[in-house]
Structures are given as structure tokens and as C-alpha cells.
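Engineer: Sending over data_33.cif (mmCIF, C-alpha atoms (C1' of nucleotides)).
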data_upload
#
loop_
_atom_site.label_atom_id
_atom_site.label_comp_id
_atom_site.auth_asym_id
_atom_site.auth_seq_id
_atom_site.Cartn_x
_atom_site.Cartn_y
_atom_site.Cartn_z
CA MET A 885 16.42 10.60 29.16
CA VAL A 886 13.76 7.92 29.40
CA GLU A 887 10.49 9.08 27.90
CA ALA A 888 7.45 8.92 30.13
CA LYS A 889 4.89 6.44 28.94
CA LEU A 890 2.01 7.66 30.98
CA GLY A 891 -0.07 10.75 30.47
CA ARG A 892 -0.50 13.07 27.53
CA PRO A 893 2.58 12.97 25.31
CA ARG A 894 4.58 16.04 24.51
CA SER A 895 3.25 17.89 21.50
CA GLU A 896 5.85 18.03 18.75
CA ALA A 897 3.75 20.61 16.95
CA THR A 898 3.92 22.94 19.95
CA ARG A 899 7.65 22.43 20.24
CA HIS A 900 8.03 23.38 16.60
CA ALA A 901 5.76 26.39 17.00
CA ILE A 902 7.79 27.67 19.95
CA LEU A 903 11.14 27.37 18.18
CA ARG A 904 9.68 28.88 15.05
CA ALA A 905 8.22 31.79 17.02
CA ALA A 906 11.54 32.39 18.76
CA ALA A 907 13.40 32.41 15.47
CA GLY A 908 10.90 34.78 13.92
CA LEU A 909 11.15 37.18 16.82
CA VAL A 910 14.94 37.25 16.66
CA ASP A 911 14.62 38.33 13.06
CA GLU A 912 11.89 40.86 13.60
CA ILE A 913 12.54 42.63 16.90
CA GLY A 914 16.04 41.46 17.81
CA TYR A 915 17.24 39.17 20.54
CA ALA A 916 17.39 41.81 23.26
CA ASN A 917 13.73 42.75 22.90
CA ILE A 918 12.29 39.25 23.02
CA THR A 919 10.16 38.27 26.00
CA THR A 920 9.05 34.81 26.96
CA THR A 921 5.48 36.03 26.94
CA ALA A 922 5.91 37.16 23.34
CA ILE A 923 7.26 33.77 22.33
CA ALA A 924 4.39 31.99 24.05
CA THR A 925 1.74 34.24 22.55
CA ARG A 926 3.14 34.02 19.03
CA ALA A 927 3.42 30.26 19.30
CA GLY A 928 -0.08 29.97 20.72
CA ALA A 929 1.45 28.23 23.70
CA GLY A 930 1.43 28.74 27.45
CA LYS A 931 4.49 30.08 29.25
CA GLN A 932 4.61 27.01 31.41
CA THR A 933 4.95 24.88 28.30
CA ILE A 934 8.14 26.78 27.51
CA TYR A 935 9.57 26.49 31.00
CA ARG A 936 8.66 22.84 31.18
CA TRP A 937 11.11 22.06 28.40
CA TRP A 938 13.69 24.83 28.47
CA ARG A 939 15.64 26.27 31.38
CA ALA A 940 15.50 29.84 30.18
CA LYS A 941 14.76 32.09 27.26
CA SER A 942 18.32 31.91 25.98
CA SER A 943 18.06 28.13 25.82
CA VAL A 944 15.03 28.34 23.56
CA ILE A 945 16.83 30.58 21.12
CA ALA A 946 20.00 28.55 21.26
CA ASP A 947 17.92 25.48 20.46
CA ALA A 948 16.33 27.30 17.56
CA VAL A 949 19.79 27.90 16.14
CA VAL A 950 21.05 24.40 16.75
CA GLU A 951 17.99 22.88 15.10
CA GLY A 952 18.31 25.09 12.07
CA TYR A 953 15.48 27.55 12.60
CA LEU A 954 18.01 30.40 12.43
CA ARG A 955 20.91 30.46 10.01
CA LEU A 956 23.69 32.82 9.16
CA PRO A 957 23.27 34.15 5.66
CA SER A 958 26.17 32.61 3.83
CA ALA A 959 27.93 33.62 0.68
CA ASP A 960 28.99 30.85 -1.64
CA VAL A 961 32.68 30.42 -2.13
CA ALA A 962 33.15 30.90 -5.85
CA VAL A 963 35.22 28.48 -7.84
CA THR A 964 37.00 30.40 -10.56
CA GLY A 965 40.52 29.74 -11.69
CA SER A 966 42.12 31.68 -8.87
CA LEU A 967 41.97 30.47 -5.28
CA GLU A 968 43.27 33.81 -4.14
CA ASP A 969 40.55 35.79 -5.90
CA ASP A 970 37.85 33.44 -4.69
CA LEU A 971 38.90 33.74 -1.06
CA LYS A 972 39.22 37.51 -1.25
CA ALA A 973 35.80 37.81 -2.82
CA TRP A 974 34.31 35.54 -0.15
CA LEU A 975 35.91 37.52 2.66
CA HIS A 976 34.63 40.85 1.38
CA VAL A 977 31.11 39.62 0.78
CA THR A 978 30.95 37.83 4.12
CA VAL A 979 32.20 40.80 6.11
CA GLN A 980 29.64 42.92 4.31
CA VAL A 981 26.84 40.48 5.09
CA MET A 982 27.86 40.27 8.74
CA ASN A 983 27.82 44.03 9.01
CA ASP A 984 24.27 44.37 7.81
CA ALA A 985 21.61 45.65 10.11
CA ALA A 986 20.13 42.32 11.12
CA THR A 987 22.95 39.81 11.17
CA GLY A 988 25.56 41.52 13.30
CA PRO A 989 23.40 42.19 16.36
CA MET A 990 21.95 38.71 16.13
CA VAL A 991 25.31 37.00 16.18
CA ARG A 992 26.61 39.19 18.98
CA ALA A 993 23.54 38.55 21.07
CA LEU A 994 23.71 34.83 20.49
CA ALA A 995 27.33 34.82 21.53
CA ALA A 996 26.32 36.38 24.81
CA ALA A 997 23.33 34.13 25.27
CA ALA A 998 25.44 31.03 24.90
CA SER A 999 28.09 32.22 27.30
CA ASP A 1000 26.27 30.62 30.24
CA ASP A 1001 26.66 27.09 29.02
CA ALA A 1002 29.87 25.85 27.44
CA ALA A 1003 28.34 22.81 25.77
CA GLN A 1004 25.56 24.89 24.33
CA ALA A 1005 28.00 27.50 23.08
CA THR A 1006 30.01 24.89 21.25
CA ALA A 1007 26.92 23.43 19.62
CA LEU A 1008 25.65 26.87 18.70
CA TRP A 1009 28.83 28.07 17.04
CA ASP A 1010 29.17 24.75 15.33
CA HIS A 1011 25.80 25.23 13.71
CA LEU A 1012 26.33 28.89 12.95
CA THR A 1013 29.80 28.72 11.50
CA GLY A 1014 29.95 25.08 10.51
CA PRO A 1015 28.47 25.53 7.04
CA LEU A 1016 30.77 28.47 6.33
CA HIS A 1017 33.77 26.51 7.55
CA ARG A 1018 32.81 23.57 5.39
CA ASP A 1019 32.47 25.73 2.28
CA LEU A 1020 35.84 27.30 2.86
CA LEU A 1021 37.46 23.96 3.50
CA ASN A 1022 36.06 22.53 0.28
CA ARG A 1023 37.45 25.40 -1.73
CA LEU A 1024 40.84 25.18 -0.03
CA GLU A 1025 41.13 21.46 -0.58
CA ARG A 1026 40.14 21.88 -4.19
CA GLY A 1027 42.94 24.43 -4.42
CA GLN A 1028 45.35 21.96 -2.92
CA HIS A 1029 44.41 19.34 -5.50
CA ALA A 1030 44.87 21.91 -8.23
CA GLY A 1031 48.30 22.79 -6.89
CA GLN A 1032 47.32 26.34 -5.97
CA LEU A 1033 48.08 25.66 -2.34
CA SER A 1034 50.70 23.43 -0.81
CA ALA A 1035 49.29 20.08 0.21
CA ALA A 1036 51.39 20.28 3.35
CA VAL A 1037 49.43 23.07 5.03
CA ASP A 1038 46.51 22.46 7.33
CA SER A 1039 43.61 23.76 5.29
CA ALA A 1040 41.25 23.50 8.26
CA ALA A 1041 43.57 25.82 10.15
CA ILE A 1042 43.43 28.31 7.30
CA ALA A 1043 39.66 28.15 7.33
CA ASP A 1044 39.80 28.82 11.08
CA ALA A 1045 41.94 31.88 10.55
CA LEU A 1046 39.68 33.29 7.84
CA LEU A 1047 36.52 32.71 9.88
CA GLY A 1048 38.23 34.11 12.94
CA THR A 1049 39.03 37.26 11.04
CA VAL A 1050 35.44 37.66 9.98
CA LEU A 1051 34.19 37.19 13.53
CA PHE A 1052 36.75 39.57 14.94
CA ARG A 1053 35.53 42.24 12.54
CA LEU A 1054 31.95 41.41 13.38
CA LEU A 1055 32.51 41.83 17.10
CA ALA A 1056 34.68 44.89 16.84
CA GLN A 1057 32.32 46.37 14.26
CA ALA A 1058 35.30 47.57 12.30
CA PRO A 1059 34.19 47.34 8.69
CA ASN A 1060 37.56 48.51 7.38
CA PRO A 1061 38.13 46.12 4.48
CA ALA A 1062 41.73 47.20 3.89
CA ARG A 1063 43.43 44.27 5.59
CA LEU A 1064 41.22 41.53 4.23
CA ASP A 1065 43.23 41.02 1.07
CA GLY A 1066 46.39 41.02 3.13
CA ILE A 1067 45.12 38.12 5.18
CA VAL A 1068 44.48 36.02 2.13
CA ASP A 1069 47.91 36.94 0.77
CA ALA A 1070 49.57 35.92 4.01
CA VAL A 1071 47.58 32.75 4.42
CA LEU A 1072 48.22 31.55 0.91
CA GLY A 1073 51.92 31.92 1.49
CA ALA A 1074 54.04 34.99 1.42
CA SER A 1075 56.14 33.63 -1.38
CA ARG A 1076 53.38 32.89 -3.82
CA PRO A 1077 54.00 33.88 -7.42
CA ALA A 1078 53.66 37.63 -7.86
CA GLY A 1079 50.17 38.58 -9.09
CA MET B 614 30.81 69.45 26.52
CA VAL B 615 31.04 72.78 28.40
CA GLU B 616 31.57 72.21 32.10
CA ALA B 617 29.12 73.93 34.42
CA LYS B 618 30.72 76.61 36.47
CA LEU B 619 28.01 76.97 39.03
CA GLY B 620 27.17 74.63 41.84
CA ARG B 621 28.97 71.67 43.37
CA PRO B 622 31.45 70.17 40.90
CA ARG B 623 31.36 66.56 39.85
CA SER B 624 33.26 64.32 42.23
CA GLU B 625 36.12 62.61 40.43
CA ALA B 626 36.53 60.31 43.42
CA THR B 627 32.96 59.07 43.05
CA ARG B 628 33.42 58.57 39.32
CA HIS B 629 36.49 56.47 40.03
CA ALA B 630 34.71 54.52 42.74
CA ILE B 631 31.84 53.68 40.40
CA LEU B 632 34.07 52.46 37.58
CA ARG B 633 36.19 50.54 40.05
CA ALA B 634 33.12 48.92 41.57
CA ALA B 635 31.80 47.95 38.14
CA ALA B 636 35.13 46.39 37.18
CA GLY B 637 35.31 44.49 40.44
CA LEU B 638 31.80 43.12 40.03
CA VAL B 639 32.52 41.93 36.48
CA ASP B 640 35.39 39.93 37.89
CA GLU B 641 33.53 38.58 40.89
CA ILE B 642 29.97 37.82 39.84
CA GLY B 643 30.09 38.21 36.06
CA TYR B 644 28.55 40.78 33.78
CA ALA B 645 25.12 39.18 33.58
CA ASN B 646 24.59 39.24 37.34
CA ILE B 647 25.54 42.85 37.91
CA THR B 648 22.82 45.26 39.00
CA THR B 649 23.00 49.01 39.06
CA THR B 650 22.07 48.90 42.73
CA ALA B 651 25.05 46.66 43.42
CA ILE B 652 27.40 49.05 41.64
CA ALA B 653 26.01 52.00 43.56
CA THR B 654 26.18 50.23 46.91
CA ARG B 655 29.71 48.98 46.38
CA ALA B 656 30.86 52.39 45.24
CA GLY B 657 29.12 54.07 48.15
CA ALA B 658 27.20 56.11 45.63
CA GLY B 659 23.56 56.78 44.86
CA LYS B 660 21.90 55.27 41.81
CA GLN B 661 21.04 58.70 40.55
CA THR B 662 24.72 59.59 40.50
CA ILE B 663 25.25 56.73 38.08
CA TYR B 664 22.36 57.66 35.82
CA ARG B 665 23.38 61.30 35.89
CA TRP B 666 26.60 60.44 34.05
CA TRP B 667 25.89 57.22 32.17
CA ARG B 668 23.02 56.25 29.96
CA ALA B 669 22.80 52.67 31.12
CA LYS B 670 24.55 49.92 32.99
CA SER B 671 26.35 48.67 29.89
CA SER B 672 27.80 52.13 29.36
CA VAL B 673 29.34 52.12 32.80
CA ILE B 674 31.05 48.82 32.20
CA ALA B 675 32.15 49.79 28.71
CA ASP B 676 33.68 52.92 30.19
CA ALA B 677 35.46 50.84 32.80
CA VAL B 678 37.05 48.85 29.99
CA VAL B 679 37.94 51.85 27.88
CA GLU B 680 39.55 53.61 30.83
CA GLY B 681 41.59 50.60 31.74
CA TYR B 682 39.81 49.32 34.83
CA LEU B 683 39.37 45.96 33.12
CA ARG B 684 42.06 44.38 31.01
CA LEU B 685 42.54 41.15 29.15
CA PRO B 686 45.33 39.15 30.73
CA SER B 687 48.06 39.19 28.13
CA ALA B 688 50.92 36.87 27.52
CA ASP B 689 54.17 38.37 26.35
CA VAL B 690 55.27 37.45 22.88
CA ALA B 691 58.65 35.87 23.41
CA VAL B 692 61.58 36.86 21.27
CA THR B 693 63.75 33.82 20.71
CA GLY B 694 65.48 33.03 17.48
CA SER B 695 62.42 31.45 15.87
CA LEU B 696 59.43 33.57 14.90
CA GLU B 697 57.46 30.41 14.29
CA ASP B 698 58.11 29.02 17.76
CA ASP B 699 57.37 32.35 19.41
CA LEU B 700 54.01 32.70 17.69
CA LYS B 701 53.01 29.14 18.43
CA ALA B 702 53.94 29.55 22.07
CA TRP B 703 51.97 32.78 22.26
CA LEU B 704 48.90 31.22 20.65
CA HIS B 705 48.89 28.29 23.03
CA VAL B 706 49.36 30.37 26.15
CA THR B 707 46.81 32.94 25.06
CA VAL B 708 44.16 30.36 24.24
CA GLN B 709 44.80 28.76 27.60
CA VAL B 710 44.50 32.07 29.42
CA MET B 711 41.32 32.96 27.56
CA ASN B 712 39.78 29.65 28.52
CA ASP B 713 40.26 30.22 32.22
CA ALA B 714 37.26 30.59 34.45
CA ALA B 715 37.12 34.37 34.59
CA THR B 716 38.29 35.67 31.24
CA GLY B 717 36.06 33.80 28.82
CA PRO B 718 32.71 34.79 30.31
CA MET B 719 33.89 38.35 30.72
CA VAL B 720 34.82 38.75 27.08
CA ARG B 721 31.64 37.10 25.88
CA ALA B 722 29.52 39.31 28.06
CA LEU B 723 31.33 42.42 26.97
CA ALA B 724 30.79 41.45 23.37
CA ALA B 725 27.09 41.44 24.05
CA ALA B 726 27.17 44.65 26.04
CA ALA B 727 28.88 46.46 23.22
CA SER B 728 26.41 45.26 20.64
CA ASP B 729 24.07 48.14 21.41
CA ASP B 730 26.38 50.87 20.27
CA ALA B 731 28.70 50.52 17.30
CA ALA B 732 31.00 53.38 18.24
CA GLN B 733 31.31 52.07 21.76
CA ALA B 734 31.97 48.59 20.49
CA THR B 735 34.88 49.72 18.39
CA ALA B 736 36.41 51.63 21.28
CA LEU B 737 35.87 48.72 23.61
CA TRP B 738 37.48 46.09 21.41
CA ASP B 739 40.26 48.46 20.60
CA HIS B 740 41.12 48.75 24.26
CA LEU B 741 40.67 45.04 24.94
CA THR B 742 42.60 43.64 22.01
CA GLY B 743 44.75 46.61 21.13
CA PRO B 744 47.64 45.72 23.44
CA LEU B 745 47.66 42.12 22.23
CA HIS B 746 47.55 43.25 18.62
CA ARG B 747 50.43 45.65 19.22
CA ASP B 748 52.58 42.96 20.83
CA LEU B 749 51.98 40.59 17.96
CA LEU B 750 52.67 43.28 15.41
CA ASN B 751 55.96 44.17 17.07
CA ARG B 752 57.12 40.58 16.99
CA LEU B 753 56.05 40.13 13.37
CA GLU B 754 57.81 43.28 12.23
CA ARG B 755 60.91 42.25 14.08
CA GLY B 756 60.68 38.98 12.21
CA GLN B 757 60.40 40.84 8.95
CA HIS B 758 63.53 42.83 9.72
CA ALA B 759 65.33 39.62 10.58
CA GLY B 760 64.28 38.07 7.31
CA GLN B 761 62.13 35.39 8.95
CA LEU B 762 59.05 36.75 7.23
CA SER B 763 58.68 38.32 3.83
CA ALA B 764 58.61 42.09 4.05
CA ALA B 765 55.89 42.04 1.39
CA VAL B 766 53.16 40.58 3.59
CA ASP B 767 50.80 42.72 5.65
CA SER B 768 51.90 41.94 9.18
CA ALA B 769 48.90 43.74 10.64
CA ALA B 770 46.67 41.40 8.66
CA ILE B 771 48.52 38.42 10.12
CA ALA B 772 48.05 39.81 13.60
CA ASP B 773 44.34 40.15 12.80
CA ALA B 774 44.12 36.55 11.74
CA LEU B 775 45.91 35.27 14.84
CA LEU B 776 43.79 37.36 17.18
CA GLY B 777 40.67 36.39 15.27
CA THR B 778 41.54 32.75 15.76
CA VAL B 779 41.94 33.25 19.49
CA LEU B 780 38.61 35.05 19.75
CA PHE B 781 36.84 32.45 17.65
CA ARG B 782 38.04 29.74 19.99
CA LEU B 783 37.06 31.85 22.96
CA LEU B 784 33.53 32.34 21.70
CA ALA B 785 33.04 28.81 20.51
CA GLN B 786 34.62 27.48 23.68
CA ALA B 787 36.50 24.94 21.65
CA PRO B 788 39.73 24.42 23.54
CA ASN B 789 41.08 22.01 20.94
CA PRO B 790 44.63 23.22 20.46
CA ALA B 791 45.37 20.91 17.54
CA ARG B 792 45.04 23.44 14.74
CA LEU B 793 46.87 26.29 16.40
CA ASP B 794 50.28 25.26 15.10
CA GLY B 795 48.78 24.79 11.67
CA ILE B 796 47.56 28.36 11.65
CA VAL B 797 51.02 29.69 12.37
CA ASP B 798 52.44 27.42 9.71
CA ALA B 799 49.93 28.66 7.17
CA VAL B 800 50.27 32.29 8.08
CA LEU B 801 54.05 32.26 7.94
CA GLY B 802 53.88 30.92 4.43
CA ALA B 803 53.13 27.47 3.20
CA SER B 804 56.50 27.20 1.50
CA ARG B 805 58.73 27.92 4.47
CA PRO B 806 61.75 25.64 4.92
CA ALA B 807 60.72 22.24 6.23
CA GLY B 808 60.94 22.05 10.04
"C1'" DC C 1183 28.44 85.64 55.29
"C1'" DG C 1184 24.17 84.46 52.63
"C1'" DC C 1185 22.28 82.96 48.35
"C1'" DA C 1186 21.82 80.45 44.08
"C1'" DT C 1187 23.13 76.41 41.85
"C1'" DT C 1188 24.51 71.88 41.02
"C1'" DA C 1189 26.15 67.31 42.74
"C1'" DC C 1190 25.77 64.10 46.40
"C1'" DG C 1191 23.82 59.56 49.14
"C1'" DA C 1192 19.75 57.26 50.11
"C1'" DG C 1193 15.87 55.13 48.96
"C1'" DA C 1194 10.76 55.08 47.40
"C1'" DC C 1195 8.32 54.34 43.20
"C1'" DG C 1196 6.12 52.64 38.67
"C1'" DG C 1197 6.81 49.73 34.88
"C1'" DA C 1198 8.55 45.64 32.63
"C1'" DG C 1199 10.00 41.09 32.50
"C1'" DT C 1200 11.13 36.48 34.59
"C1'" DG C 1201 10.00 32.20 36.21
"C1'" DT C 1202 6.45 29.74 39.33
"C1'" DC C 1203 1.98 28.37 40.39
"C1'" DT C 1204 -2.79 27.16 39.65
"C1'" DC C 1205 -6.74 26.17 36.83
"C1'" DG C 1206 -9.81 23.39 33.87
"C1'" DA C 1207 -9.25 20.83 29.63
"C1'" DT C 1208 -7.08 17.28 26.73
"C1'" DA C 1209 -4.67 13.13 24.92
"C1'" DG C 1210 -2.70 9.34 25.57
"C1'" DT C 1211 -2.03 4.29 28.43
"C1'" DC C 1212 -3.98 0.55 31.15
"C1'" DG D 25 -13.53 4.78 32.38
"C1'" DA D 26 -9.47 5.63 35.71
"C1'" DC D 27 -5.01 7.43 35.68
"C1'" DT D 28 -1.37 10.49 34.46
"C1'" DA D 29 1.20 14.04 32.23
"C1'" DT D 30 0.80 17.81 29.05
"C1'" DC D 31 -1.80 21.53 27.17
"C1'" DG D 32 -3.27 26.99 26.88
"C1'" DA D 33 -4.17 30.69 29.76
"C1'" DG D 34 -3.13 33.84 32.96
"C1'" DA D 35 -2.47 35.37 37.99
"C1'" DC D 36 1.30 35.89 41.05
"C1'" DA D 37 5.63 37.16 43.65
"C1'" DC D 38 9.97 38.59 42.68
"C1'" DT D 39 13.79 41.12 40.71
"C1'" DC D 40 15.60 44.72 38.30
"C1'" DC D 41 15.78 49.12 35.71
"C1'" DG D 42 15.54 53.86 35.38
"C1'" DT D 43 13.04 58.02 37.38
"C1'" DC D 44 11.83 60.85 40.99
"C1'" DT D 45 12.07 63.00 45.44
"C1'" DC D 46 14.16 63.90 49.64
"C1'" DG D 47 17.56 66.45 52.68
"C1'" DT D 48 22.58 67.51 52.50
"C1'" DA D 49 27.16 69.14 50.79
"C1'" DA D 50 30.23 71.85 47.95
"C1'" DT D 51 31.27 75.60 45.04
"C1'" DG D 52 30.95 80.63 42.87
"C1'" DC D 53 29.03 85.19 43.33
"C1'" DG D 54 27.63 89.28 45.66
#
Can the structure from this file be put into C-alpha cells for me?
Structural biologist:
Amino acid sequence: MVEAKLGRPRSEATRHAILRAAAGLVDEIGYANITTTAIATRAGAGKQTIYRWWRAKSSVIADAVVEGYLRLPSADVAVTGSLEDDLKAWLHVTVQVMNDAATGPMVRALAAAASDDAAQATALWDHLTGPLHRDLLNRLERGQHAGQLSAAVDSAAIADALLGTVLFRLLAQAPNPARLDGIVDAVLGASRPAG
Amino acid sequence: MVEAKLGRPRSEATRHAILRAAAGLVDEIGYANITTTAIATRAGAGKQTIYRWWRAKSSVIADAVVEGYLRLPSADVAVTGSLEDDLKAWLHVTVQVMNDAATGPMVRALAAAASDDAAQATALWDHLTGPLHRDLLNRLERGQHAGQLSAAVDSAAIADALLGTVLFRLLAQAPNPARLDGIVDAVLGASRPAG
DNA sequence: CGCATTACGAGACGGAGTGTCTCGATAGTC
DNA sequence: GACTATCGAGACACTCCGTCTCGTAATGCG
């Protein structure tokens, strides 16, 4: 990890251009159709410059995600009076967003791309789902402070379950929204006050 | 869908050999490293025979899943007195199984393979996770009959959430088992009797 | 049986893409 | 100015996909 002191230094501008080109291509033509040549051309870089710094194409795109060049479109978790309503609304909107033409294929492809490298996969999912998880957690903890949710439950675990549900639907491409409300009902406690 | 009546009929043995070869190769060298030539060679078939009946390599492998040549290793859901304990035990074992050397990469690769075709993806995930979902649902409904779980909650939704959690961990390759118990706690109702 | 028809195994083939290699030029350090 | 590593550009060998072409095998019809 020691930087070389001799010779021409690595161009940070080129690095940025490559990651930016990769991210743009994922958006425009989809992960599966991207070629290294296309990334290089769009970035105004040579192919060797890519392979000098990344092991493979998938690594470039994974890096683009990890460094924030590609983000999942996220829906804000509303804060109205009802935790239950807010979570249900978030679930429906998020499932809808994930099922749109661009997002679903991208996430599925990235999941496959990261499957080579466990460390990379962890970093990638962390960056993709981290913001969503954080938003959910904030709302849940606010609900706990407001007494809408028992302080004894593990709110991070609930956020896991909700995100897991969204991802499951994303992978299975089953846009049936029928059970989404049921999940929130179950997660908030079966014996909540009747609504 | 009308079968031809003239000429040599399609060999069911060859069809079986091709699907069997594809399934074996997924296990042995992983989805990403499979070539159509390798499938054909291993099956003792010609490449043209594959392309005569399947559109692409991913279709062959998806078919192998749908027809049961590839299965997710499943852990039985125990039936002891405690629904809570049974679900926690199942979650831990299942996450452990999914994290083993062969299963994780296979599922991730299949997720990518199915991303081409929405209808195929639904069928594929149905066959992969269907048995697990059914087992969970059985145990949950049994718990509802035994009064361990409110009859009002959507047990299928709970099964979704538990499976979603497992898949999320599988994709993110985060083997941290800490929150698993918390998910069961949350899902079974925050206000259950203290344990 | 002979003929038409379709599937079969085998493998050659063109096209596309990957990752390596080479080139002359460039941007730093000493 | 010498040295060294990176730069853009693109040629290159290699692998793989999916198509095409063989000669052969299996089935129904006359």
C-alpha cells in the first residue's frame, strides 16, 4: 500500500473519469452490456489504465458504487403520527421504485458482480442499502421514543427484516404488494392496538 | 406447442443429460465459469442440440432449477414446544448453510442469470425458495393453532420477512448472526411474554 | 422396404469481448 | 537533464457464444 515516489503519479482525474463513465454506462445501457472498451473510450482513457488499477470490469463498477457514483433511489421515510402508516408507505414506494425499469436489473447485476469477492460484496451492499437501513432505523427509534414501539425490541433487526423483504421481492420480481402491510403489522407486534 | 409428428423425435434422455450436466457444473465450477461447450461435452451432446431447445445458456440452467436438478439445501423447521426457539434455530442453521462454500455463489449467480427474464425469475425463485417458505409457513400456522402466535397476523408475510432476511445476509455476505434472534423476537410480537 | 423428415453428435466458423502487450508521449523526482 | 512510472491508443491472442454445416440415426408414411 506504499505509494511509489518515482515516475509520473497516478492521475486522479482519470480515475474519476473512469468511475464516472462506468456509472453512466450502467444507467444508460445496463450492466450486462458494458464493455471495458466502452468505459475506456467514454472516459477518454486507455484500457491498460483500467487494468492497471482494477482486476476486472466488475471491480470497476463495484468501486463506482462504493465511492458513491451509483446510488439506489431512496424514498424518504415519512414522519407522520403513525409509525405503522409510515412504514407501510415506505415499503410500498420502495418496492415500486425497485421494480422500475432501471433499478431492478442494476441491483440484480451488481449482486452477481460482487459474488466473486466476499469483502467487495459486503462493502457494496453496505453502500447500496446502508442509507435505506439508516433511514428506517431512525424512524423506528423515533417510534420507540414516542412509545409506538416497545423499547425492548431490536429496531436494527426490524430494519433488516423490512429491507430483506424488499430485496426478496426485487430478486423474485414478484411485485405483489398484498403481503407488505402484513409484514409491518407482524413486525410492529401482533398485539398492537386494533387500527 | 404442437409436437412434430414427422421425423426423429426429441430424445428425452439427451434433454435429461443436458440439464443434469448443467446442474453438475454449477455445483463444481460455479455458474460464471460454465460454457455451453462444457455442458454439451459433459452431456455427450452437440451444441446445436442445446441451442435447438434453449435460447441461451442461462435458460438451460434456469430450467435445471425449475425442474428440480438444483435445490437449495434446506433445514427442517423443528417442532418443539416453543415456536420462538424453533424459528431461531431454523434461522441460524439456514444462514449457516447458505454461507457455505457452494450455496452462496450459486444463489448469487442464479439471481443474476434470472435478471434477464422476469417470468423466468419468478419461476426460478419460486422453485428455489418455495420449499423453505412452505416449511416456515407450516410451522407458523401450527403455532397459530397452538396459540403461540396471534391468528390475526399474516403468517405468509412473516415467512417472507424471515426468508428475506436470510437472502439479504446471503447477498451481503454478512454472516453476523447477532440480529437473527432479534428478528424472530420482533416478528413474533414485541409484547410477547418476557423470556 | 424406400423415402421424407426431423433430431442427433461433432466440430468449423464469424463475431464480440477480455485482458495483455507494445508504442511514443508525459509528468513527476533527483 | 536522467530516471521512472503513468498516460492514451490500439494491436494482439485468447476465450466464448451462437450459427452453420456435415454425415448419421430414428421415426412415420406409402
Engineer: Name the residues in contact with B:Pro622 at a cut-off of 7 Å, using all atoms listed in the file, excluding same-chain residues fewer than 2 positions from it; report them as a VMD selection string.
Structural biologist: (chain B and resid 620 624) or (chain C and resid 1189) or (chain D and resid 51)
Engineer: Starting from the displayed file, determine the output of the PyMOL selection byres ((chain B) within 9 of (chain A)) and express the residue list as a PyMOL selection string.
Structural biologist: chain B and resi 717-718+721-729+731-732+734-739+762-771+773-782+784-787+792-805
Engineer: What residues come out when you apply the PyMOL selection byres ((chain D) within 10 of (chain B)) to this file, written as number ranges by chain?
Structural biologist: D: 40-44, 49-53
Engineer: Which residues match the PyMOL selection byres ((chain C) within 12 of (chain B)) in the file above, as an MDAnalysis selection string?
Structural biologist: chainID C and resid 1185:1193
Engineer: Which residues, written as a list in words, have at least one atom at most 9 Å from B:Asp748, with all atoms listed in the file counted and residues fewer than 4 positions away on the same chain left out?
Structural biologist: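 The contact residues come out as Asp689, Val690, Gly743, Pro744, Arg752 and Leu753 of chain B.
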Engineer: Find the residues around B:Val678 up to 10 Å (all atoms listed in the file counted), leave out those fewer than 2 positions away in its own chain, and share them as number ranges by chain.
Structural biologist: B: 632, 635-636, 672-676, 680-685, 723, 736-741
Engineer: For atom C1' of C:DG1201 and atom CA of A:Gly908, quote the distance in Å rounded to one decimal.
Structural biologist: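 Rounded to one decimal, the two atoms are 22.5 Å apart.
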Engineer: As an exercise, work out the distance from atom CA of B:Ala630 to atom CA of B:Ala656 in Å and give it to one decimal place.
Structural biologist: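 For atom CA of B:Ala630 relative to atom CA of B:Ala656, the distance reads 5.1 Å.
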Engineer: Can you measure atom CA of A:Thr978 to atom CA of A:Ile918 for me? One decimal in Å is fine.
Structural biologist: 26.6 Å
Engineer: Using all atoms listed in the file, find the one residue out of A:Ala897, A:Leu1020, A:Ala905, A:Val977 that sits nearest to A:Val963.
Structural biologist: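 Looking at the shortest contact to A:Val963, the residue is A:Leu1020.
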Engineer: Because the input lacks atoms here, generate all heavy atoms for stretch 691-695 of chain B and report them as a compact mmCIF listing (two decimals), in the frame of the given file.
Structural biologist:
# COMPACT_ATOMS: atom_id res chain seq x y z
N ALA B 691 57.21 36.09 23.18
CA ALA B 691 58.65 35.87 23.41
C ALA B 691 59.45 36.27 22.18
O ALA B 691 58.92 36.30 21.06
CB ALA B 691 58.89 34.41 23.75
N VAL B 692 60.70 36.57 22.40
CA VAL B 692 61.58 36.86 21.27
C VAL B 692 62.79 35.93 21.37
O VAL B 692 63.80 36.25 21.97
CB VAL B 692 62.05 38.33 21.26
CG1 VAL B 692 62.93 38.59 20.04
CG2 VAL B 692 60.86 39.26 21.26
N THR B 693 62.61 34.74 20.81
CA THR B 693 63.75 33.82 20.71
C THR B 693 64.21 33.90 19.27
O THR B 693 63.83 34.79 18.52
CB THR B 693 63.33 32.38 21.05
OG1 THR B 693 62.45 31.90 20.03
CG2 THR B 693 62.62 32.33 22.39
N GLY B 694 65.01 32.97 18.86
CA GLY B 694 65.48 33.03 17.48
C GLY B 694 64.39 32.76 16.47
O GLY B 694 64.36 33.31 15.37
N SER B 695 63.39 31.95 16.84
CA SER B 695 62.42 31.45 15.87
C SER B 695 61.09 32.19 15.98
O SER B 695 60.40 32.09 17.00
CB SER B 695 62.21 29.96 16.07
OG SER B 695 61.05 29.54 15.40
